[in-house]
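To be precise, the following lines are entry.pdb, and they hold PDB, C-alpha atoms.
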ATOM      1  CA  MET Z   1     -21.935  22.185  13.807
ATOM      2  CA  GLU Z   2     -21.570  22.271  17.573
ATOM      3  CA  LEU Z   3     -19.346  19.849  19.490
ATOM      4  CA  PRO Z   4     -22.152  17.383  20.420
ATOM      5  CA  SER Z   5     -23.200  17.252  16.734
ATOM      6  CA  VAL Z   6     -19.597  16.624  15.639
ATOM      7  CA  ILE Z   7     -19.202  13.782  18.152
ATOM      8  CA  LEU Z   8     -22.572  12.304  17.116
ATOM      9  CA  THR Z   9     -21.749  12.517  13.399
ATOM     10  CA  THR Z  10     -18.287  11.016  13.860
ATOM     11  CA  GLY Z  11     -19.562   8.250  16.133
ATOM     12  CA  SER Z  12     -22.413   7.448  13.738
ATOM     13  CA  SER Z  13     -19.884   7.227  10.921
ATOM     14  CA  VAL Z  14     -17.797   4.688  12.866
ATOM     15  CA  CYS Z  15     -20.937   2.585  13.422
ATOM     16  CA  PHE Z  16     -22.073   2.978   9.790
ATOM     17  CA  PHE Z  17     -18.828   1.665   8.326
ATOM     18  CA  LYS Z  18     -18.795  -1.172  10.846
ATOM     19  CA  LEU Z  19     -22.286  -2.133   9.608
ATOM     20  CA  VAL Z  20     -21.103  -1.841   5.988
ATOM     21  CA  ASN Z  21     -18.230  -4.187   6.781
ATOM     22  CA  CYS Z  22     -20.564  -6.695   8.440
ATOM     23  CA  GLY Z  23     -22.994  -6.468   5.514
ATOM     24  CA  ILE Z  24     -20.219  -7.156   3.014
ATOM     25  CA  GLY Z  25     -19.203 -10.161   5.107
ATOM     26  CA  LYS Z  26     -22.655 -11.678   4.546
ATOM     27  CA  LEU Z  27     -22.372 -11.363   0.760
ATOM     28  CA  SER Z  28     -20.705 -13.971  -1.415
ATOM     29  CA  MET Z  29     -17.107 -13.296  -2.355
ATOM     30  CA  PRO Z  30     -14.789 -14.682  -5.049
ATOM     31  CA  GLU Z  31     -13.271 -18.037  -4.133
ATOM     32  CA  SER Z  32      -9.752 -16.637  -4.467
ATOM     33  CA  ALA Z  33     -10.610 -13.888  -1.941
ATOM     34  CA  CYS Z  34     -11.792 -16.389   0.673
ATOM     35  CA  ARG Z  35      -8.175 -16.981   1.690
ATOM     36  CA  ASN Z  36      -8.156 -13.495   3.209
ATOM     37  CA  ALA Z  37     -11.784 -12.663   3.902
ATOM     38  CA  TRP Z  38     -10.886  -9.844   6.301
ATOM     39  CA  LYS Z  39      -8.866  -8.007   3.633
ATOM     40  CA  TRP Z  40     -11.707  -8.377   1.115
ATOM     41  CA  ARG Z  41     -14.190  -6.839   3.573
ATOM     42  CA  ASN Z  42     -11.735  -4.083   4.515
ATOM     43  CA  ILE Z  43     -11.041  -3.091   0.896
ATOM     44  CA  SER Z  44     -14.748  -3.213   0.023
ATOM     45  CA  THR Z  45     -15.588  -0.979   2.991
ATOM     46  CA  SER Z  46     -12.854   1.446   1.931
ATOM     47  CA  PHE Z  47     -14.330   1.436  -1.588
ATOM     48  CA  VAL Z  48     -17.734   2.456  -0.179
ATOM     49  CA  HIS Z  49     -16.107   5.302   1.803
ATOM     50  CA  SER Z  50     -14.203   6.545  -1.264
ATOM     51  CA  LEU Z  51     -17.304   6.464  -3.458
ATOM     52  CA  ILE Z  52     -19.388   8.395  -0.921
ATOM     53  CA  THR Z  53     -16.802  10.992   0.086
ATOM     54  CA  GLY Z  54     -15.403  11.504  -3.431
ATOM     55  CA  ILE Z  55     -18.845  12.471  -4.753
ATOM     56  CA  TRP Z  56     -19.625  14.398  -1.560
ATOM     57  CA  ALA Z  57     -16.424  16.485  -1.831
ATOM     58  CA  VAL Z  58     -17.251  17.516  -5.409
ATOM     59  CA  LEU Z  59     -20.803  18.432  -4.364
ATOM     60  CA  CYS Z  60     -19.431  20.600  -1.534
ATOM     61  CA  PHE Z  61     -17.699  22.905  -4.013
ATOM     62  CA  TYR Z  62     -20.532  22.688  -6.551
ATOM     63  CA  LEU Z  63     -23.211  23.681  -4.037
ATOM     64  CA  HIS Z  64     -21.048  26.220  -2.187
ATOM     65  CA  PRO Z  65     -18.574  27.670  -4.723
ATOM     66  CA  ARG Z  66     -17.612  30.490  -2.333
ATOM     67  CA  MET Z  67     -15.731  27.933  -0.238
ATOM     68  CA  ALA Z  68     -13.195  27.552  -3.068
ATOM     69  CA  GLU Z  69     -12.346  31.262  -2.695
ATOM     70  CA  ASP Z  70     -11.745  31.021   1.047
ATOM     71  CA  LEU Z  71     -10.488  27.646   2.287
ATOM     72  CA  ILE Z  72      -9.856  28.971   5.789
ATOM     73  CA  ALA Z  73     -13.045  30.495   7.183
ATOM     74  CA  THR Z  74     -15.803  29.730   4.665
ATOM     75  CA  TYR Z  75     -17.606  26.404   4.994
ATOM     76  CA  SER Z  76     -21.081  24.901   5.092
ATOM     77  CA  VAL Z  77     -22.753  22.389   7.408
ATOM     78  CA  PHE Z  78     -22.682  20.011   4.416
ATOM     79  CA  SER Z  79     -18.883  20.248   4.099
ATOM     80  CA  HIS Z  80     -18.323  20.189   7.870
ATOM     81  CA  ALA Z  81     -20.363  16.987   8.077
ATOM     82  CA  LEU Z  82     -18.270  15.442   5.281
ATOM     83  CA  VAL Z  83     -15.029  15.954   7.203
ATOM     84  CA  SER Z  84     -16.638  14.601  10.402
ATOM     85  CA  VAL Z  85     -17.878  11.488   8.572
ATOM     86  CA  SER Z  86     -14.405  10.904   7.128
ATOM     87  CA  ILE Z  87     -12.838  11.170  10.583
ATOM     88  CA  GLY Z  88     -15.275   8.473  11.698
ATOM     89  CA  TYR Z  89     -14.251   6.228   8.811
ATOM     90  CA  PHE Z  90     -10.523   6.646   9.503
ATOM     91  CA  ILE Z  91     -11.080   5.896  13.203
ATOM     92  CA  TYR Z  92     -13.044   2.771  12.260
ATOM     93  CA  ASP Z  93     -10.431   1.614   9.727
ATOM     94  CA  PHE Z  94      -7.616   2.282  12.204
ATOM     95  CA  LEU Z  95      -9.281   0.058  14.811
ATOM     96  CA  ASP Z  96     -10.120  -2.585  12.211
ATOM     97  CA  MET Z  97      -6.464  -2.873  11.188
ATOM     98  CA  VAL Z  98      -5.153  -2.829  14.767
ATOM     99  CA  LEU Z  99      -7.483  -5.678  15.720
ATOM    100  CA  ASN Z 100      -7.112  -7.812  12.599
ATOM    101  CA  GLN Z 101      -3.711  -7.218  11.026
ATOM    102  CA  LYS Z 102      -0.104  -7.472  12.120
ATOM    103  CA  LEU Z 103       1.543  -4.152  12.886
ATOM    104  CA  SER Z 104       4.413  -4.962  10.520
ATOM    105  CA  HIS Z 105       1.909  -5.160   7.636
ATOM    106  CA  SER Z 106      -0.160  -2.094   8.467
ATOM    107  CA  TRP Z 107       2.077   0.492  10.164
ATOM    108  CA  GLU Z 108       2.206   2.734   7.080
ATOM    109  CA  LEU Z 109      -1.573   2.981   6.835
ATOM    110  CA  LEU Z 110      -1.946   3.351  10.598
ATOM    111  CA  PHE Z 111       0.507   6.260  10.514
ATOM    112  CA  HIS Z 112      -1.359   7.746   7.530
ATOM    113  CA  HIS Z 113      -4.663   7.520   9.424
ATOM    114  CA  CYS Z 114      -3.173   9.200  12.523
ATOM    115  CA  VAL Z 115      -1.981  12.137  10.398
ATOM    116  CA  VAL Z 116      -5.345  12.475   8.635
ATOM    117  CA  ILE Z 117      -7.377  12.241  11.859
ATOM    118  CA  THR Z 118      -5.171  14.912  13.471
ATOM    119  CA  CYS Z 119      -5.404  17.333  10.525
ATOM    120  CA  PHE Z 120      -9.128  16.805   9.968
ATOM    121  CA  GLY Z 121      -9.735  17.022  13.706
ATOM    122  CA  ILE Z 122      -8.146  20.487  13.837
ATOM    123  CA  ALA Z 123     -10.423  21.606  10.988
ATOM    124  CA  VAL Z 124     -13.603  20.175  12.504
ATOM    125  CA  PHE Z 125     -13.110  21.370  16.075
ATOM    126  CA  SER Z 126     -11.748  24.824  15.187
ATOM    127  CA  CYS Z 127     -14.250  25.303  12.318
ATOM    128  CA  ARG Z 128     -11.383  26.597  10.216
ATOM    129  CA  TYR Z 129      -9.617  25.039   7.185
ATOM    130  CA  VAL Z 130     -12.739  22.922   6.489
ATOM    131  CA  GLY Z 131     -12.485  23.884   2.801
ATOM    132  CA  PHE Z 132      -8.843  22.815   2.813
ATOM    133  CA  ALA Z 133      -9.855  19.443   4.279
ATOM    134  CA  VAL Z 134     -12.523  19.031   1.581
ATOM    135  CA  VAL Z 135      -9.859  19.657  -1.089
ATOM    136  CA  ALA Z 136      -7.848  16.858   0.519
ATOM    137  CA  LEU Z 137     -10.868  14.556   0.226
ATOM    138  CA  LEU Z 138     -10.882  14.964  -3.558
ATOM    139  CA  VAL Z 139      -8.126  12.346  -3.314
ATOM    140  CA  GLU Z 140     -10.919   9.828  -2.674
ATOM    141  CA  ILE Z 141     -11.963  10.099  -6.328
ATOM    142  CA  ASN Z 142      -8.776   8.237  -7.178
ATOM    143  CA  SER Z 143      -9.217   5.898  -4.218
ATOM    144  CA  VAL Z 144     -12.332   4.478  -5.912
ATOM    145  CA  PHE Z 145     -10.131   3.083  -8.711
ATOM    146  CA  LEU Z 146      -7.317   2.198  -6.301
ATOM    147  CA  HIS Z 147      -9.588   0.023  -4.159
ATOM    148  CA  LEU Z 148     -11.276  -1.462  -7.223
ATOM    149  CA  ARG Z 149      -7.815  -2.459  -8.460
ATOM    150  CA  GLN Z 150      -7.142  -4.321  -5.204
ATOM    151  CA  SER Z 151     -10.516  -6.058  -5.386
ATOM    152  CA  LEU Z 152      -9.915  -7.189  -8.968
ATOM    153  CA  ARG Z 153      -6.519  -8.598  -8.039
ATOM    154  CA  MET Z 154      -7.994 -10.474  -5.082
ATOM    155  CA  ALA Z 155     -10.669 -11.872  -7.392
ATOM    156  CA  SER Z 156      -7.921 -13.142  -9.762
ATOM    157  CA  LEU Z 157      -9.054 -10.769 -12.521
ATOM    158  CA  ALA Z 158      -5.703  -9.035 -13.041
ATOM    159  CA  GLN Z 159      -5.450 -10.259 -16.644
ATOM    160  CA  THR Z 160      -8.848  -8.958 -17.759
ATOM    161  CA  THR Z 161      -9.766  -5.948 -19.907
ATOM    162  CA  VAL Z 162     -11.675  -4.467 -16.959
ATOM    163  CA  TYR Z 163      -8.481  -4.507 -14.895
ATOM    164  CA  ARG Z 164      -6.419  -2.868 -17.660
ATOM    165  CA  VAL Z 165      -9.010  -0.105 -18.159
ATOM    166  CA  ASN Z 166      -9.190   0.448 -14.417
ATOM    167  CA  SER Z 167      -5.366   0.587 -14.264
ATOM    168  CA  MET Z 168      -5.313   3.434 -16.781
ATOM    169  CA  LEU Z 169      -8.103   5.308 -14.986
ATOM    170  CA  ASN Z 170      -6.331   4.686 -11.694
ATOM    171  CA  LEU Z 171      -3.041   6.114 -12.960
ATOM    172  CA  GLY Z 172      -4.724   9.120 -14.602
ATOM    173  CA  THR Z 173      -6.811  10.049 -11.566
ATOM    174  CA  TYR Z 174      -3.785   9.382  -9.352
ATOM    175  CA  MET Z 175      -1.835  12.107 -11.154
ATOM    176  CA  VAL Z 176      -4.734  14.583 -11.024
ATOM    177  CA  PHE Z 177      -6.412  13.910  -7.681
ATOM    178  CA  ARG Z 178      -3.412  12.812  -5.629
ATOM    179  CA  ILE Z 179      -0.099  14.189  -6.903
ATOM    180  CA  ALA Z 180      -1.459  17.422  -8.415
ATOM    181  CA  THR Z 181      -3.929  18.036  -5.569
ATOM    182  CA  LEU Z 182      -1.288  17.530  -2.866
ATOM    183  CA  ALA Z 183       1.131  19.783  -4.786
ATOM    184  CA  TRP Z 184      -1.555  22.490  -5.044
ATOM    185  CA  MET Z 185      -2.344  22.167  -1.316
ATOM    186  CA  THR Z 186       1.350  22.544  -0.469
ATOM    187  CA  ARG Z 187       1.583  25.657  -2.654
ATOM    188  CA  TRP Z 188      -1.567  27.108  -1.068
ATOM    189  CA  LEU Z 189      -0.218  26.534   2.449
ATOM    190  CA  VAL Z 190       3.084  28.244   1.614
ATOM    191  CA  LEU Z 191       1.349  31.237  -0.003
ATOM    192  CA  ASN Z 192      -1.040  31.626   2.943
ATOM    193  CA  ARG Z 193       1.401  30.975   5.769
ATOM    194  CA  ASP Z 194       0.787  34.466   7.214
ATOM    195  CA  LYS Z 195      -2.918  33.629   7.654
ATOM    196  CA  VAL Z 196      -2.315  30.281   9.352
ATOM    197  CA  PRO Z 197      -1.200  29.996  13.020
ATOM    198  CA  LEU Z 198       2.215  28.400  13.544
ATOM    199  CA  VAL Z 199       0.856  25.183  15.114
ATOM    200  CA  SER Z 200      -1.659  24.583  12.316
ATOM    201  CA  TYR Z 201       0.933  25.518   9.689
ATOM    202  CA  THR Z 202       3.458  23.072  11.170
ATOM    203  CA  VAL Z 203       0.943  20.223  11.429
ATOM    204  CA  GLY Z 204      -0.287  20.914   7.888
ATOM    205  CA  SER Z 205       3.216  21.124   6.425
ATOM    206  CA  VAL Z 206       4.418  17.928   8.098
ATOM    207  CA  GLY Z 207       1.201  16.131   7.157
ATOM    208  CA  LEU Z 208       1.434  17.161   3.500
ATOM    209  CA  ALA Z 209       5.116  16.237   3.321
ATOM    210  CA  ILE Z 210       4.352  12.756   4.672
ATOM    211  CA  MET Z 211       1.361  12.309   2.362
ATOM    212  CA  MET Z 212       3.350  13.424  -0.690
ATOM    213  CA  ALA Z 213       6.227  11.058   0.095
ATOM    214  CA  MET Z 214       3.874   8.106   0.659
ATOM    215  CA  ASN Z 215       1.932   8.831  -2.523
ATOM    216  CA  ILE Z 216       5.061   9.124  -4.685
ATOM    217  CA  VAL Z 217       6.229   5.726  -3.400
ATOM    218  CA  LEU Z 218       2.789   4.217  -4.044
ATOM    219  CA  PHE Z 219       2.706   5.749  -7.539
ATOM    220  CA  TYR Z 220       6.018   4.086  -8.373
ATOM    221  CA  ARG Z 221       4.730   0.740  -7.079
ATOM    222  CA  LEU Z 222       1.582   1.025  -9.219
ATOM    223  CA  LEU Z 223       3.589   2.002 -12.277
ATOM    224  CA  GLN Z 224       5.989  -0.883 -11.678
ATOM    225  CA  SER Z 225       3.241  -3.441 -11.119
ATOM    226  CA  ASP Z 226       0.654  -2.490 -13.753
ATOM    227  CA  PHE Z 227       2.727  -1.045 -16.585
ATOM    228  CA  LEU Z 228       6.489  -1.592 -16.408
ATOM    229  CA  LYS Z 229       6.231  -5.215 -15.268
ATOM    230  CA  SER Z 230       3.535  -6.101 -17.825
ATOM    231  CA  SER Z 231       5.494  -4.489 -20.692
ATOM    232  CA  ARG Z 232       8.614  -6.493 -19.751
ATOM    233  CA  GLU Z 233       6.579  -9.698 -19.645
ATOM    234  CA  GLY Z 234       5.138  -8.855 -23.061
ATOM    235  CA  LYS Z 235       8.633  -8.456 -24.555
ATOM    236  CA  LYS Z 236       9.734 -11.790 -23.067
ATOM    237  CA  LYS Z 237       6.787 -13.531 -24.740
ATOM    238  CA  GLU Z 238       7.689 -11.973 -28.094
ATOM    239  CA  THR Z 239      11.230 -13.311 -27.847
TER
END

Spell out the structure here as structure tokens.
Amino acid sequence: MELPSVILTTGSSVCFFKLVNCGIGKLSMPESACRNAWKWRNISTSFVHSLITGIWAVLCFYLHPRMAEDLIATYSVFSHALVSVSIGYFIYDFLDMVLNQKLSHSWELLFHHCVVITCFGIAVFSCRYVGFAVVALLVEINSVFLHLRQSLRMASLAQTTVYRVNSMLNLGTYMVFRIATLAWMTRWLVLNRDKVPLVSYTVGSVGLAIMMAMNIVLFYRLLQSDFLKSSREGKKKET
């Protein structure tokens, strides 16, 4: 994809997710979620992005298996477009949070988005490491369950069977598509450091270190909230 196509794809993505957000705002929402309608729309929009890009990332490797053998130079228009669309989403979500949420509540996600936009931007504009960026987007498979968890909690459905099943799927996919994927990406970057320019290697290493730290903290919070806390409450009821 040439530069004008990248800009068009990214810009269209920003507009698409804005339209998704507006469309969700016109739908009915649970009464308990009405107290924070913006958050409900934001999480629902993020869910749509995760569902689209998670499936898209898997299809990239299924349709073009050679990309898995060379994450640096081999890519397809299909995979390049995926990374461009994701940049558009992260730009949209960044602006949405800046305009609608206090900085003290969103600085972690804003920082996360800056790192992702920078790393994906290098891949898209240099036409290198696109495969590596697509591997990173496999994380979105877990994000489907992560966002669904937030939606269920906002809808006051945290005590339902659906929530408990989703919690287990969330934790399982978190281990596979977040922790394990980020660990594999870190290993790949270290093993291929001679093939990666210093600037890209530094940006990638710092980005992965930040992502890994943030995801370990989030994993602990999920474990604490959905499993450790509930098991303690169960023991209190028994006594």

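Reported to one decimal place, the separation of atom CA of Z:Asn100 from atom CA of Z:Phe219 is 26.2 Å.
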
Revision key, fill the gap. Expressed in Å, the length from atom CA of Z:Leu51 to atom CA of Z:Val135 is 15.3 Å

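Atom CA of Z:Val14 is positioned 5.2 Å from atom CA of Z:Tyr92.
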
Exercise for review: Given the file shown, determine the residues that the PyMOL selection byres ((chain Z and resi 109-115) around 12) selects; report them as a ChimeraX atom specification.
Suggested key: /Z:86-99,101-108,116-122,203-215,218

Practice item. For the file shown, report as a PyMOL selection string the outcome of the PyMOL selection byres ((chain Z and resi 17) around 9) at residue level. Key: chain Z and resi 12-16+18-22+45-46+48-49+88-89+92-93

Exercise for review: Let me know the residues the PyMOL selection byres ((chain Z and resi 153-170) around 8) catches in the file above, as an MDAnalysis selection string.
Suggested key: chainID Z and resid 30:33 40 142 145:146 148:152 171:174 226

Exercise for review: Name all residues at most 9 Å from stretch 55-64 of chain Z (count all atoms listed in the file; drop same-chain ones fewer than 5 positions away) and give them as number ranges by chain.
Suggested key: Z: 50, 75-76, 78-79, 82, 131, 134-138, 140-141

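Every protein, DNA or RNA residue with an atom at most 8 Å from Z:Tyr201, where only C-alpha atoms count and chain neighbours fewer than 5 positions away do not, is listed here: Leu189, Arg193 and Val196 of chain Z.
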
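Using all atoms listed in the file, the smallest distance between any of Z:Leu27, Z:Cys34, Z:Ile52, Z:Ala183 and Z:Val144 comes from Z:Ile52.
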
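Here the question is which of Z:Arg35, Z:Arg66, Z:Arg41, Z:His80 gets nearest to Z:Val124 using all atoms listed in the file, and that residue is Z:His80.
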
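With only C-alpha atoms as the atoms that count, the residue of Z:Val217, Z:Val139, Z:Leu223, Z:Met67 with the shortest distance to Z:Leu182 is Z:Val139.
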
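For the set Z:Ala123, Z:Met29, Z:Leu8, Z:Ala68, the residue with the smallest atom-to-atom gap to Z:Val85 is Z:Leu8, counting all atoms listed in the file.
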